[in-house]
$ cat upload.cif   # mmCIF, C-alpha atoms; chains and numbers go by the auth columns
data_work
#
loop_
_atom_site.group_PDB
_atom_site.id
_atom_site.type_symbol
_atom_site.label_atom_id
_atom_site.label_comp_id
_atom_site.label_asym_id
_atom_site.label_seq_id
_atom_site.Cartn_x
_atom_site.Cartn_y
_atom_site.Cartn_z
_atom_site.B_iso_or_equiv
_atom_site.auth_seq_id
_atom_site.auth_asym_id
ATOM 1 C CA MET A 1 31.773 -23.176 -11.910 0.00 253 J
ATOM 2 C CA GLY A 2 34.218 -21.937 -14.559 0.00 254 J
ATOM 3 C CA HIS A 3 35.787 -18.584 -13.770 0.00 255 J
ATOM 4 C CA SER A 4 33.111 -17.743 -11.178 0.00 256 J
ATOM 5 C CA VAL A 5 33.510 -18.552 -7.552 0.00 257 J
ATOM 6 C CA THR A 6 31.057 -18.501 -4.728 0.00 258 J
ATOM 7 C CA SER A 7 31.353 -16.196 -1.766 0.00 259 J
ATOM 8 C CA VAL A 8 31.819 -19.159 0.612 0.00 260 J
ATOM 9 C CA GLY A 9 35.515 -19.700 1.132 0.00 261 J
ATOM 10 C CA ALA A 10 36.471 -17.263 -1.628 0.00 262 J
ATOM 11 C CA PRO A 11 39.527 -15.045 -1.071 0.00 263 J
ATOM 12 C CA HIS A 12 38.942 -11.379 -0.323 0.00 264 J
ATOM 13 C CA GLY A 13 38.320 -9.398 -3.488 0.00 265 J
ATOM 14 C CA ALA A 14 37.469 -12.443 -5.611 0.00 266 J
ATOM 15 C CA PRO A 15 34.539 -12.015 -8.035 0.00 267 J
ATOM 16 C CA LEU A 16 31.222 -13.307 -6.754 0.00 268 J
ATOM 17 C CA GLU A 17 29.068 -15.690 -8.716 0.00 269 J
ATOM 18 C CA GLU A 18 26.379 -13.799 -10.603 0.00 270 J
ATOM 19 C CA SER A 19 22.763 -14.278 -9.633 0.00 271 J
ATOM 20 C CA PRO A 20 21.188 -17.011 -11.807 0.00 272 J
ATOM 21 C CA TYR A 21 18.012 -14.917 -11.958 0.00 273 J
ATOM 22 C CA GLY A 22 19.636 -11.814 -13.420 0.00 274 J
ATOM 23 C CA ILE A 23 18.089 -9.624 -10.718 0.00 275 J
ATOM 24 C CA GLN A 24 19.370 -8.145 -7.468 0.00 276 J
ATOM 25 C CA SER A 25 18.575 -10.184 -4.377 0.00 277 J
ATOM 26 C CA LYS A 26 16.717 -7.348 -2.655 0.00 278 J
ATOM 27 C CA LYS A 27 14.587 -6.726 -5.724 0.00 279 J
ATOM 28 C CA LEU A 28 13.837 -10.435 -6.129 0.00 280 J
ATOM 29 C CA ALA A 29 12.842 -10.633 -2.464 0.00 281 J
ATOM 30 C CA MET A 30 10.527 -7.665 -2.892 0.00 282 J
ATOM 31 C CA TRP A 31 8.863 -9.216 -5.942 0.00 283 J
ATOM 32 C CA LEU A 32 8.308 -12.460 -4.014 0.00 284 J
ATOM 33 C CA PHE A 33 6.800 -10.480 -1.141 0.00 285 J
ATOM 34 C CA ILE A 34 4.522 -8.599 -3.536 0.00 286 J
ATOM 35 C CA VAL A 35 3.300 -11.849 -5.119 0.00 287 J
ATOM 36 C CA ALA A 36 2.516 -13.319 -1.694 0.00 288 J
ATOM 37 C CA ASP A 37 0.849 -10.112 -0.497 0.00 289 J
ATOM 38 C CA ALA A 38 -1.186 -9.857 -3.689 0.00 290 J
ATOM 39 C CA ALA A 39 -2.518 -13.350 -2.988 0.00 291 J
ATOM 40 C CA THR A 40 -3.510 -12.220 0.514 0.00 292 J
ATOM 41 C CA PHE A 41 -5.400 -9.162 -0.720 0.00 293 J
ATOM 42 C CA GLY A 42 -6.915 -11.189 -3.550 0.00 294 J
ATOM 43 C CA ALA A 43 -8.275 -13.749 -1.089 0.00 295 J
ATOM 44 C CA LEU A 44 -9.699 -11.013 1.156 0.00 296 J
ATOM 45 C CA LEU A 45 -11.415 -9.227 -1.721 0.00 297 J
ATOM 46 C CA PHE A 46 -12.772 -12.522 -3.062 0.00 298 J
ATOM 47 C CA ALA A 47 -14.167 -13.385 0.384 0.00 299 J
ATOM 48 C CA TYR A 48 -15.652 -9.886 0.624 0.00 300 J
ATOM 49 C CA GLY A 49 -17.368 -10.302 -2.754 0.00 301 J
ATOM 50 C CA TYR A 50 -18.780 -13.673 -1.743 0.00 302 J
ATOM 51 C CA LEU A 51 -20.149 -12.338 1.544 0.00 303 J
ATOM 52 C CA ARG A 52 -21.634 -9.321 -0.194 0.00 304 J
ATOM 53 C CA ILE A 53 -23.502 -11.436 -2.731 0.00 305 J
ATOM 54 C CA ALA A 54 -24.555 -14.064 -0.172 0.00 306 J
ATOM 55 C CA ASN A 55 -26.173 -11.515 2.167 0.00 307 J
ATOM 56 C CA PRO A 56 -29.407 -10.057 0.755 0.00 308 J
ATOM 57 C CA ASP A 57 -29.516 -7.460 3.552 0.00 309 J
ATOM 58 C CA TRP A 58 -26.047 -6.112 2.787 0.00 310 J
ATOM 59 C CA THR A 59 -25.794 -2.509 3.966 0.00 311 J
ATOM 60 C CA LYS A 60 -24.878 0.350 1.622 0.00 312 J
ATOM 61 C CA PRO A 61 -23.977 3.023 4.163 0.00 313 J
ATOM 62 C CA PHE A 62 -21.963 5.506 2.143 0.00 314 J
ATOM 63 C CA ALA A 63 -23.289 8.826 0.909 0.00 315 J
ATOM 64 C CA PHE A 64 -21.534 10.651 -1.911 0.00 316 J
ATOM 65 C CA SER A 65 -20.626 13.388 0.538 0.00 317 J
ATOM 66 C CA PRO A 66 -18.592 13.133 2.620 0.00 318 J
ATOM 67 C CA THR A 67 -17.498 9.486 2.259 0.00 319 J
ATOM 68 C CA ILE A 68 -17.019 9.150 -1.501 0.00 320 J
ATOM 69 C CA VAL A 69 -15.606 12.664 -1.764 0.00 321 J
ATOM 70 C CA ASN A 70 -13.127 11.844 0.986 0.00 322 J
ATOM 71 C CA GLY A 71 -12.268 8.532 -0.676 0.00 323 J
ATOM 72 C CA SER A 72 -11.719 10.269 -4.007 0.00 324 J
ATOM 73 C CA VAL A 73 -9.351 12.751 -2.378 0.00 325 J
ATOM 74 C CA MET A 74 -7.497 9.850 -0.759 0.00 326 J
ATOM 75 C CA THR A 75 -7.190 8.205 -4.180 0.00 327 J
ATOM 76 C CA VAL A 76 -5.755 11.354 -5.756 0.00 328 J
ATOM 77 C CA VAL A 77 -3.288 11.732 -2.880 0.00 329 J
ATOM 78 C CA LEU A 78 -2.099 8.133 -3.214 0.00 330 J
ATOM 79 C CA LEU A 79 -1.761 8.319 -6.999 0.00 331 J
ATOM 80 C CA THR A 80 0.205 11.548 -6.668 0.00 332 J
ATOM 81 C CA SER A 81 2.532 9.803 -4.210 0.00 333 J
ATOM 82 C CA SER A 82 3.268 7.212 -6.891 0.00 334 J
ATOM 83 C CA LEU A 83 4.321 10.010 -9.250 0.00 335 J
ATOM 84 C CA THR A 84 6.621 11.532 -6.638 0.00 336 J
ATOM 85 C CA MET A 85 8.126 8.099 -6.026 0.00 337 J
ATOM 86 C CA VAL A 86 8.780 7.682 -9.760 0.00 338 J
ATOM 87 C CA ALA A 87 10.551 11.053 -9.719 0.00 339 J
ATOM 88 C CA ALA A 88 12.580 9.954 -6.670 0.00 340 J
ATOM 89 C CA VAL A 89 13.757 6.782 -8.424 0.00 341 J
ATOM 90 C CA ALA A 90 14.661 8.681 -11.597 0.00 342 J
ATOM 91 C CA ALA A 91 16.659 11.230 -9.606 0.00 343 J
ATOM 92 C CA ALA A 92 18.426 8.498 -7.608 0.00 344 J
ATOM 93 C CA GLN A 93 19.398 6.585 -10.740 0.00 345 J
ATOM 94 C CA SER A 94 20.863 9.727 -12.307 0.00 346 J
ATOM 95 C CA GLY A 95 22.910 10.471 -9.190 0.00 347 J
ATOM 96 C CA ARG A 96 20.911 13.514 -8.038 0.00 348 J
ATOM 97 C CA VAL A 97 20.788 12.630 -4.356 0.00 349 J
ATOM 98 C CA SER A 98 19.309 15.915 -3.090 0.00 350 J
ATOM 99 C CA ALA A 99 16.497 15.850 -5.647 0.00 351 J
ATOM 100 C CA SER A 100 15.729 12.225 -4.868 0.00 352 J
ATOM 101 C CA VAL A 101 15.581 12.971 -1.141 0.00 353 J
ATOM 102 C CA ARG A 102 13.142 15.831 -1.779 0.00 354 J
ATOM 103 C CA TRP A 103 10.879 13.601 -3.860 0.00 355 J
ATOM 104 C CA LEU A 104 11.030 10.881 -1.224 0.00 356 J
ATOM 105 C CA GLY A 105 10.087 13.474 1.393 0.00 357 J
ATOM 106 C CA ALA A 106 7.101 14.502 -0.721 0.00 358 J
ATOM 107 C CA THR A 107 6.046 10.858 -0.950 0.00 359 J
ATOM 108 C CA ILE A 108 6.224 10.554 2.835 0.00 360 J
ATOM 109 C CA VAL A 109 4.084 13.667 3.301 0.00 361 J
ATOM 110 C CA LEU A 110 1.473 12.357 0.858 0.00 362 J
ATOM 111 C CA GLY A 111 1.476 8.962 2.558 0.00 363 J
ATOM 112 C CA ILE A 112 0.903 10.594 5.939 0.00 364 J
ATOM 113 C CA GLY A 113 -1.892 12.672 4.400 0.00 365 J
ATOM 114 C CA PHE A 114 -3.579 9.532 3.070 0.00 366 J
ATOM 115 C CA ALA A 115 -3.325 7.832 6.466 0.00 367 J
ATOM 116 C CA ALA A 116 -4.715 10.903 8.233 0.00 368 J
ATOM 117 C CA LEU A 117 -7.734 11.074 5.900 0.00 369 J
ATOM 118 C CA HIS A 118 -8.319 7.368 6.370 0.00 370 J
ATOM 119 C CA LEU A 119 -8.170 7.563 10.159 0.00 371 J
ATOM 120 C CA ARG A 120 -10.524 10.548 10.171 0.00 372 J
ATOM 121 C CA GLU A 121 -13.029 8.462 8.242 0.00 373 J
ATOM 122 C CA TRP A 122 -12.585 5.533 10.617 0.00 374 J
ATOM 123 C CA PHE A 123 -13.167 7.711 13.677 0.00 375 J
ATOM 124 C CA ALA A 124 -16.304 9.154 12.080 0.00 376 J
ATOM 125 C CA MET A 125 -17.701 5.665 11.407 0.00 377 J
ATOM 126 C CA ILE A 126 -16.794 4.452 14.892 0.00 378 J
ATOM 127 C CA GLY A 127 -18.557 7.519 16.296 0.00 379 J
ATOM 128 C CA GLU A 128 -21.667 6.477 14.359 0.00 380 J
ATOM 129 C CA GLY A 129 -21.591 3.063 16.037 0.00 381 J
ATOM 130 C CA TRP A 130 -19.756 0.943 13.466 0.00 382 J
ATOM 131 C CA ARG A 131 -17.686 -1.897 14.882 0.00 383 J
ATOM 132 C CA LEU A 132 -16.135 -5.101 13.499 0.00 384 J
ATOM 133 C CA PHE A 133 -19.382 -7.015 14.112 0.00 385 J
ATOM 134 C CA GLN A 134 -21.839 -4.229 14.803 0.00 386 J
ATOM 135 C CA ASN A 135 -24.002 -2.509 12.208 0.00 387 J
ATOM 136 C CA PRO A 136 -25.855 0.591 13.476 0.00 388 J
ATOM 137 C CA MET A 137 -28.033 0.576 10.334 0.00 389 J
ATOM 138 C CA GLY A 138 -29.481 -2.844 11.124 0.00 390 J
ATOM 139 C CA GLY A 139 -28.090 -4.766 8.152 0.00 391 J
ATOM 140 C CA SER A 140 -25.528 -7.535 8.013 0.00 392 J
ATOM 141 C CA PRO A 141 -22.937 -7.162 10.803 0.00 393 J
ATOM 142 C CA LEU A 142 -20.332 -8.552 8.421 0.00 394 J
ATOM 143 C CA PHE A 143 -20.048 -5.199 6.661 0.00 395 J
ATOM 144 C CA GLY A 144 -18.046 -3.747 9.539 0.00 396 J
ATOM 145 C CA ALA A 145 -15.778 -6.797 9.662 0.00 397 J
ATOM 146 C CA THR A 146 -14.989 -6.691 5.946 0.00 398 J
ATOM 147 C CA PHE A 147 -14.648 -2.909 5.767 0.00 399 J
ATOM 148 C CA PHE A 148 -12.352 -2.493 8.747 0.00 400 J
ATOM 149 C CA GLY A 149 -10.467 -5.680 7.907 0.00 401 J
ATOM 150 C CA ILE A 150 -9.647 -4.810 4.289 0.00 402 J
ATOM 151 C CA THR A 151 -9.073 -1.089 4.728 0.00 403 J
ATOM 152 C CA GLY A 152 -7.199 -1.701 7.985 0.00 404 J
ATOM 153 C CA LEU A 153 -4.764 -4.084 6.296 0.00 405 J
ATOM 154 C CA HIS A 154 -4.196 -1.584 3.504 0.00 406 J
ATOM 155 C CA LEU A 155 -3.724 1.248 5.993 0.00 407 J
ATOM 156 C CA LEU A 156 -1.149 -0.867 7.830 0.00 408 J
ATOM 157 C CA HIS A 157 0.747 -1.285 4.551 0.00 409 J
ATOM 158 C CA VAL A 158 0.675 2.473 3.991 0.00 410 J
ATOM 159 C CA ILE A 159 1.990 3.234 7.482 0.00 411 J
ATOM 160 C CA CYS A 160 4.735 0.610 7.157 0.00 412 J
ATOM 161 C CA GLY A 161 5.601 2.041 3.745 0.00 413 J
ATOM 162 C CA VAL A 162 5.944 5.564 5.139 0.00 414 J
ATOM 163 C CA VAL A 163 8.262 4.299 7.887 0.00 415 J
ATOM 164 C CA VAL A 164 10.401 2.336 5.415 0.00 416 J
ATOM 165 C CA ILE A 165 10.611 5.235 2.961 0.00 417 J
ATOM 166 C CA GLY A 166 11.721 7.457 5.831 0.00 418 J
ATOM 167 C CA ALA A 167 14.479 5.019 6.765 0.00 419 J
ATOM 168 C CA ILE A 168 15.592 4.639 3.132 0.00 420 J
ATOM 169 C CA THR A 169 15.610 8.423 2.705 0.00 421 J
ATOM 170 C CA LEU A 170 17.912 8.928 5.677 0.00 422 J
ATOM 171 C CA GLY A 171 20.200 6.096 4.596 0.00 423 J
ATOM 172 C CA PHE A 172 20.335 7.250 0.994 0.00 424 J
ATOM 173 C CA ARG A 173 21.146 10.821 2.001 0.00 425 J
ATOM 174 C CA ARG A 174 24.001 9.572 4.209 0.00 426 J
ATOM 175 C CA GLY A 175 25.352 7.250 1.523 0.00 427 J
ATOM 176 C CA ARG A 176 24.402 3.988 3.224 0.00 428 J
ATOM 177 C CA PHE A 177 21.903 3.013 0.549 0.00 429 J
ATOM 178 C CA ASP A 178 22.065 3.289 -3.215 0.00 430 J
ATOM 179 C CA ALA A 179 19.571 3.855 -6.023 0.00 431 J
ATOM 180 C CA GLY A 180 18.718 0.149 -5.985 0.00 432 J
ATOM 181 C CA HIS A 181 17.287 0.479 -2.482 0.00 433 J
ATOM 182 C CA VAL A 182 15.142 3.424 -3.578 0.00 434 J
ATOM 183 C CA GLU A 183 13.879 1.468 -6.582 0.00 435 J
ATOM 184 C CA THR A 184 13.071 -1.602 -4.479 0.00 436 J
ATOM 185 C CA THR A 185 11.136 0.524 -1.992 0.00 437 J
ATOM 186 C CA ALA A 186 9.271 2.104 -4.897 0.00 438 J
ATOM 187 C CA LEU A 187 8.078 -1.347 -6.014 0.00 439 J
ATOM 188 C CA TYR A 188 6.409 -1.828 -2.642 0.00 440 J
ATOM 189 C CA TRP A 189 4.835 1.634 -2.698 0.00 441 J
ATOM 190 C CA HIS A 190 3.436 1.180 -6.202 0.00 442 J
ATOM 191 C CA PHE A 191 1.962 -2.149 -5.094 0.00 443 J
ATOM 192 C CA VAL A 192 0.213 -0.453 -2.170 0.00 444 J
ATOM 193 C CA ASP A 193 -1.209 2.137 -4.575 0.00 445 J
ATOM 194 C CA LEU A 194 -2.360 -0.566 -6.988 0.00 446 J
ATOM 195 C CA VAL A 195 -4.201 -2.446 -4.242 0.00 447 J
ATOM 196 C CA TRP A 196 -6.118 0.727 -3.384 0.00 448 J
ATOM 197 C CA MET A 197 -7.332 0.877 -6.996 0.00 449 J
ATOM 198 C CA PHE A 198 -9.228 -2.352 -6.255 0.00 450 J
ATOM 199 C CA VAL A 199 -10.274 -1.521 -2.702 0.00 451 J
ATOM 200 C CA PHE A 200 -11.818 1.876 -3.486 0.00 452 J
ATOM 201 C CA PRO A 201 -14.326 0.776 -6.158 0.00 453 J
ATOM 202 C CA LEU A 202 -15.193 -2.549 -4.513 0.00 454 J
ATOM 203 C CA VAL A 203 -15.516 -1.397 -0.901 0.00 455 J
ATOM 204 C CA TYR A 204 -16.561 2.232 -1.387 0.00 456 J
ATOM 205 C CA LEU A 205 -18.180 2.887 -4.762 0.00 457 J
ATOM 206 C CA MET A 206 -20.239 -0.324 -4.764 0.00 458 J
ATOM 207 C CA ASN A 207 -21.662 0.566 -1.350 0.00 459 J
ATOM 208 C CA VAL A 208 -23.077 3.994 -2.160 0.00 460 J
ATOM 209 C CA ARG A 209 -26.688 4.257 -1.094 0.00 461 J
#

$ encode --input "upload.cif" --output "structure tokens"
Amino acid sequence: MGHSVTSVGAPHGAPLEESPYGIQSKKLAMWLFIVADAATFGALLFAYGYLRIANPDWTKPFAFSPTIVNGSVMTVVLLTSSLTMVAAVAAAQSGRVSASVRWLGATIVLGIGFAALHLREWFAMIGEGWRLFQNPMGGSPLFGATFFGITGLHLLHVICGVVVIGAITLGFRRGRFDAGHVETTALYWHFVDLVWMFVFPLVYLMNVR
């Protein structure tokens, strides 16, 4: 091992062996999670595309207003939250804790706004009779299953992201976490935003009547 020693059995204060991957453990773990989660979303979207093509009576229930307008606003909100997260990481890396906390707070507010718009849309569709395997328009019942399944999984990621960002914000402000934690959380949030860039055109725009 040369001059490096492992943490197991090493005396207090001894240098730790450097990561063979040249990346922090928490960041590596996040990248591995993102790869696995990307495979999950990829499989869901592939299955959705197959079902859509295989069903000649596939329903196109969305009107430009209010559904597509609402979805476009949601997209703008989520993209803006990525910009505020970038600003939060930049501030954290330069040691401006207060500025980073403010940007993280803005990201949380935007994430909550996205979730609220999404839930409002869900409640409207449920009020119209849409269910996981129920189509009030008489077409394929699989539309409800794919729509609520894909958007529900993404919404769950957004809600979890808001909770995690809140926890990181509190810890970073109190000195428990460092800029690396903010950056790692940002990787997750950018991934959630990127997934929406596939969900919105495939699930919304391609189903405009």

$ closest_residue --input "upload.cif" --among "J:Ser317, J:Ala431, J:Ser333, J:Val410" --to "J:Gln345" --atoms "all atoms listed in the file"
J:Ala431

$ residues_around --input "upload.cif" --residues "J:Phe399" --least-positions-apart "4" --cutoff "7 Å" --atoms "all atoms listed in the file" --output "list in words"
Phe395, Thr403 and Val455 of chain J

$ residues_near_point --input "upload.cif" --point "(-22.2, -8.6, 5.2)" --cutoff "7 Å" --atoms "only C-alpha atoms" --output "ChimeraX atom specification"
/J:303-304,307,310,392-395

$ resolve_selection --input "upload.cif" --expression "the PyMOL selection byres ((chain J and resi 424) around 9)" --output "list of chain:residue names"
J:Ala344, J:Val349, J:Ser352, J:Val353, J:Ala419, J:Ile420, J:Thr421, J:Leu422, J:Gly423, J:Arg425, J:Arg426, J:Gly427, J:Arg428, J:Phe429, J:Asp430, J:Ala431, J:His433, J:Val434

$ closest_residue --input "upload.cif" --among "J:Ile411, J:Leu454, J:Leu439, J:Leu371" --to "J:Leu280" --atoms "only C-alpha atoms"
J:Leu439

$ resolve_selection --input "upload.cif" --expression "the PyMOL selection byres ((chain J and resi 324) around 12)" --output "list in words"
Phe316, Ser317, Pro318, Thr319, Ile320, Val321, Asn322, Gly323, Val325, Met326, Thr327, Val328, Val329, Leu330, Leu331, Phe366, Leu369, His370, Trp448, Met449, Val451, Phe452, Pro453, Tyr456 and Leu457 of chain J

$ atom_distance --input "upload.cif" --atom1 "atom CA of J:Leu296" --atom2 "atom CA of J:Trp283"
20.0 Å

$ atom_distance --input "upload.cif" --atom1 "atom CA of J:Ser334" --atom2 "atom CA of J:Ala438"
8.1 Å

$ atom_distance --input "upload.cif" --atom1 "atom CA of J:Val361" --atom2 "atom CA of J:Gly432"
22.0 Å

$ residues_near_point --input "upload.cif" --point "(-12.2, -5.0, 7.4)" --cutoff "12 Å" --atoms "only C-alpha atoms" --output "PDB file with C-alpha atoms, in the coordinates of the input"
ATOM      1  CA  PHE J 293      -5.400  -9.162  -0.720  1.00  0.00           C
ATOM      2  CA  LEU J 296      -9.699 -11.013   1.156  1.00  0.00           C
ATOM      3  CA  LEU J 297     -11.415  -9.227  -1.721  1.00  0.00           C
ATOM      4  CA  ALA J 299     -14.167 -13.385   0.384  1.00  0.00           C
ATOM      5  CA  TYR J 300     -15.652  -9.886   0.624  1.00  0.00           C
ATOM      6  CA  TRP J 374     -12.585   5.533  10.617  1.00  0.00           C
ATOM      7  CA  TRP J 382     -19.756   0.943  13.466  1.00  0.00           C
ATOM      8  CA  ARG J 383     -17.686  -1.897  14.882  1.00  0.00           C
ATOM      9  CA  LEU J 384     -16.135  -5.101  13.499  1.00  0.00           C
ATOM     10  CA  PHE J 385     -19.382  -7.015  14.112  1.00  0.00           C
ATOM     11  CA  PRO J 393     -22.937  -7.162  10.803  1.00  0.00           C
ATOM     12  CA  LEU J 394     -20.332  -8.552   8.421  1.00  0.00           C
ATOM     13  CA  PHE J 395     -20.048  -5.199   6.661  1.00  0.00           C
ATOM     14  CA  GLY J 396     -18.046  -3.747   9.539  1.00  0.00           C
ATOM     15  CA  ALA J 397     -15.778  -6.797   9.662  1.00  0.00           C
ATOM     16  CA  THR J 398     -14.989  -6.691   5.946  1.00  0.00           C
ATOM     17  CA  PHE J 399     -14.648  -2.909   5.767  1.00  0.00           C
ATOM     18  CA  PHE J 400     -12.352  -2.493   8.747  1.00  0.00           C
ATOM     19  CA  GLY J 401     -10.467  -5.680   7.907  1.00  0.00           C
ATOM     20  CA  ILE J 402      -9.647  -4.810   4.289  1.00  0.00           C
ATOM     21  CA  THR J 403      -9.073  -1.089   4.728  1.00  0.00           C
ATOM     22  CA  GLY J 404      -7.199  -1.701   7.985  1.00  0.00           C
ATOM     23  CA  LEU J 405      -4.764  -4.084   6.296  1.00  0.00           C
ATOM     24  CA  HIS J 406      -4.196  -1.584   3.504  1.00  0.00           C
ATOM     25  CA  LEU J 407      -3.724   1.248   5.993  1.00  0.00           C
ATOM     26  CA  LEU J 408      -1.149  -0.867   7.830  1.00  0.00           C
ATOM     27  CA  VAL J 451     -10.274  -1.521  -2.702  1.00  0.00           C
ATOM     28  CA  VAL J 455     -15.516  -1.397  -0.901  1.00  0.00           C
TER      29      VAL J 455
END

$ closest_residue --input "upload.cif" --among "J:Met337, J:Ala358, J:Gly390, J:Lys278" --to "J:Asp309" --atoms "only C-alpha atoms"
J:Gly390

$ resolve_selection --input "upload.cif" --expression "the PyMOL selection byres ((chain J and resi 312) around 9)" --output "list in words"
Trp310, Thr311, Pro313, Phe314, Ala315, Gly391, Phe395, Met458, Asn459, Val460 and Arg461 of chain J

$ closest_residue --input "upload.cif" --among "J:Gln386, J:His409, J:Ile417, J:Ile275" --to "J:Trp355" --atoms "only C-alpha atoms"
J:Ile417

$ axis_aligned_box --input "upload.cif" --around "stretch 440-446 of chain J" --padding-each-side "3 Å" --output "lines of an AutoDock Vina configuration file"
center_x = 2.0
center_y = 0.0
center_z = -4.6
size_x = 14.8
size_y = 10.3
size_z = 10.8

$ decode --input "upload.cif" --residues "stretch 350-417 of chain J" --atoms "C-alpha atoms" --output "short mmCIF file (atom, residue, chain, number, x, y, z; two decimals), in the first residue's frame"
data_model
loop_
_atom_site.label_atom_id
_atom_site.label_comp_id
_atom_site.auth_asym_id
_atom_site.auth_seq_id
_atom_site.Cartn_x
_atom_site.Cartn_y
_atom_site.Cartn_z
CA SER J 350 -26.21 32.60 3.42
CA ALA J 351 -26.52 33.05 -0.34
CA SER J 352 -26.47 29.30 -0.90
CA VAL J 353 -29.20 28.80 1.71
CA ARG J 354 -31.37 31.42 -0.01
CA TRP J 355 -30.95 29.74 -3.39
CA LEU J 356 -31.72 26.35 -1.87
CA GLY J 357 -34.85 27.85 -0.31
CA ALA J 358 -35.90 29.17 -3.72
CA THR J 359 -35.40 25.70 -5.17
CA ILE J 360 -37.62 24.22 -2.46
CA VAL J 361 -40.36 26.77 -3.16
CA LEU J 362 -40.23 26.03 -6.89
CA GLY J 363 -40.30 22.29 -6.23
CA ILE J 364 -43.37 22.68 -4.03
CA GLY J 365 -44.98 24.82 -6.74
CA PHE J 366 -44.37 22.10 -9.33
CA ALA J 367 -45.86 19.45 -7.05
CA ALA J 368 -48.90 21.62 -6.33
CA LEU J 369 -49.57 22.19 -10.04
CA HIS J 370 -49.17 18.49 -10.70
CA LEU J 371 -51.57 17.48 -7.92
CA ARG J 372 -54.13 20.03 -9.11
CA GLU J 373 -54.02 18.40 -12.53
CA TRP J 374 -54.36 14.94 -11.02
CA PHE J 375 -57.39 15.94 -8.96
CA ALA J 376 -59.01 17.47 -12.05
CA MET J 377 -58.51 14.24 -14.03
CA ILE J 378 -59.75 12.09 -11.16
CA GLY J 379 -62.81 14.33 -10.95
CA GLU J 380 -63.44 13.63 -14.64
CA GLY J 381 -63.44 9.89 -13.94
CA TRP J 382 -59.86 8.92 -14.77
CA ARG J 383 -58.46 6.02 -12.77
CA LEU J 384 -55.51 3.62 -13.14
CA PHE J 385 -57.62 1.26 -15.28
CA GLN J 386 -60.63 3.39 -16.10
CA ASN J 387 -61.00 5.60 -19.16
CA PRO J 388 -64.05 7.91 -19.10
CA MET J 389 -63.56 8.66 -22.81
CA GLY J 390 -64.06 5.03 -23.81
CA GLY J 391 -60.59 4.32 -25.19
CA SER J 392 -57.87 2.04 -23.92
CA PRO J 393 -57.95 1.79 -20.10
CA LEU J 394 -54.16 1.53 -20.15
CA PHE J 395 -53.84 5.28 -20.66
CA GLY J 396 -54.72 5.95 -17.03
CA ALA J 397 -52.28 3.29 -15.82
CA THR J 398 -49.37 4.66 -17.84
CA PHE J 399 -50.15 8.31 -17.14
CA PHE J 400 -50.58 8.01 -13.39
CA GLY J 401 -47.75 5.48 -13.14
CA ILE J 402 -45.11 7.55 -14.95
CA THR J 403 -46.11 10.97 -13.67
CA GLY J 404 -46.70 9.56 -10.18
CA LEU J 405 -43.18 8.13 -10.02
CA HIS J 406 -41.74 11.43 -11.18
CA LEU J 407 -43.86 13.36 -8.68
CA LEU J 408 -42.59 11.06 -5.92
CA HIS J 409 -39.02 11.93 -6.94
CA VAL J 410 -39.84 15.63 -6.80
CA ILE J 411 -41.39 15.38 -3.33
CA CYS J 412 -38.46 13.32 -2.03
CA GLY J 413 -36.08 15.85 -3.58
CA VAL J 414 -37.80 18.76 -1.83
CA VAL J 415 -37.55 16.94 1.52
CA VAL J 416 -33.87 16.12 1.00
CA ILE J 417 -33.01 19.66 -0.12
#
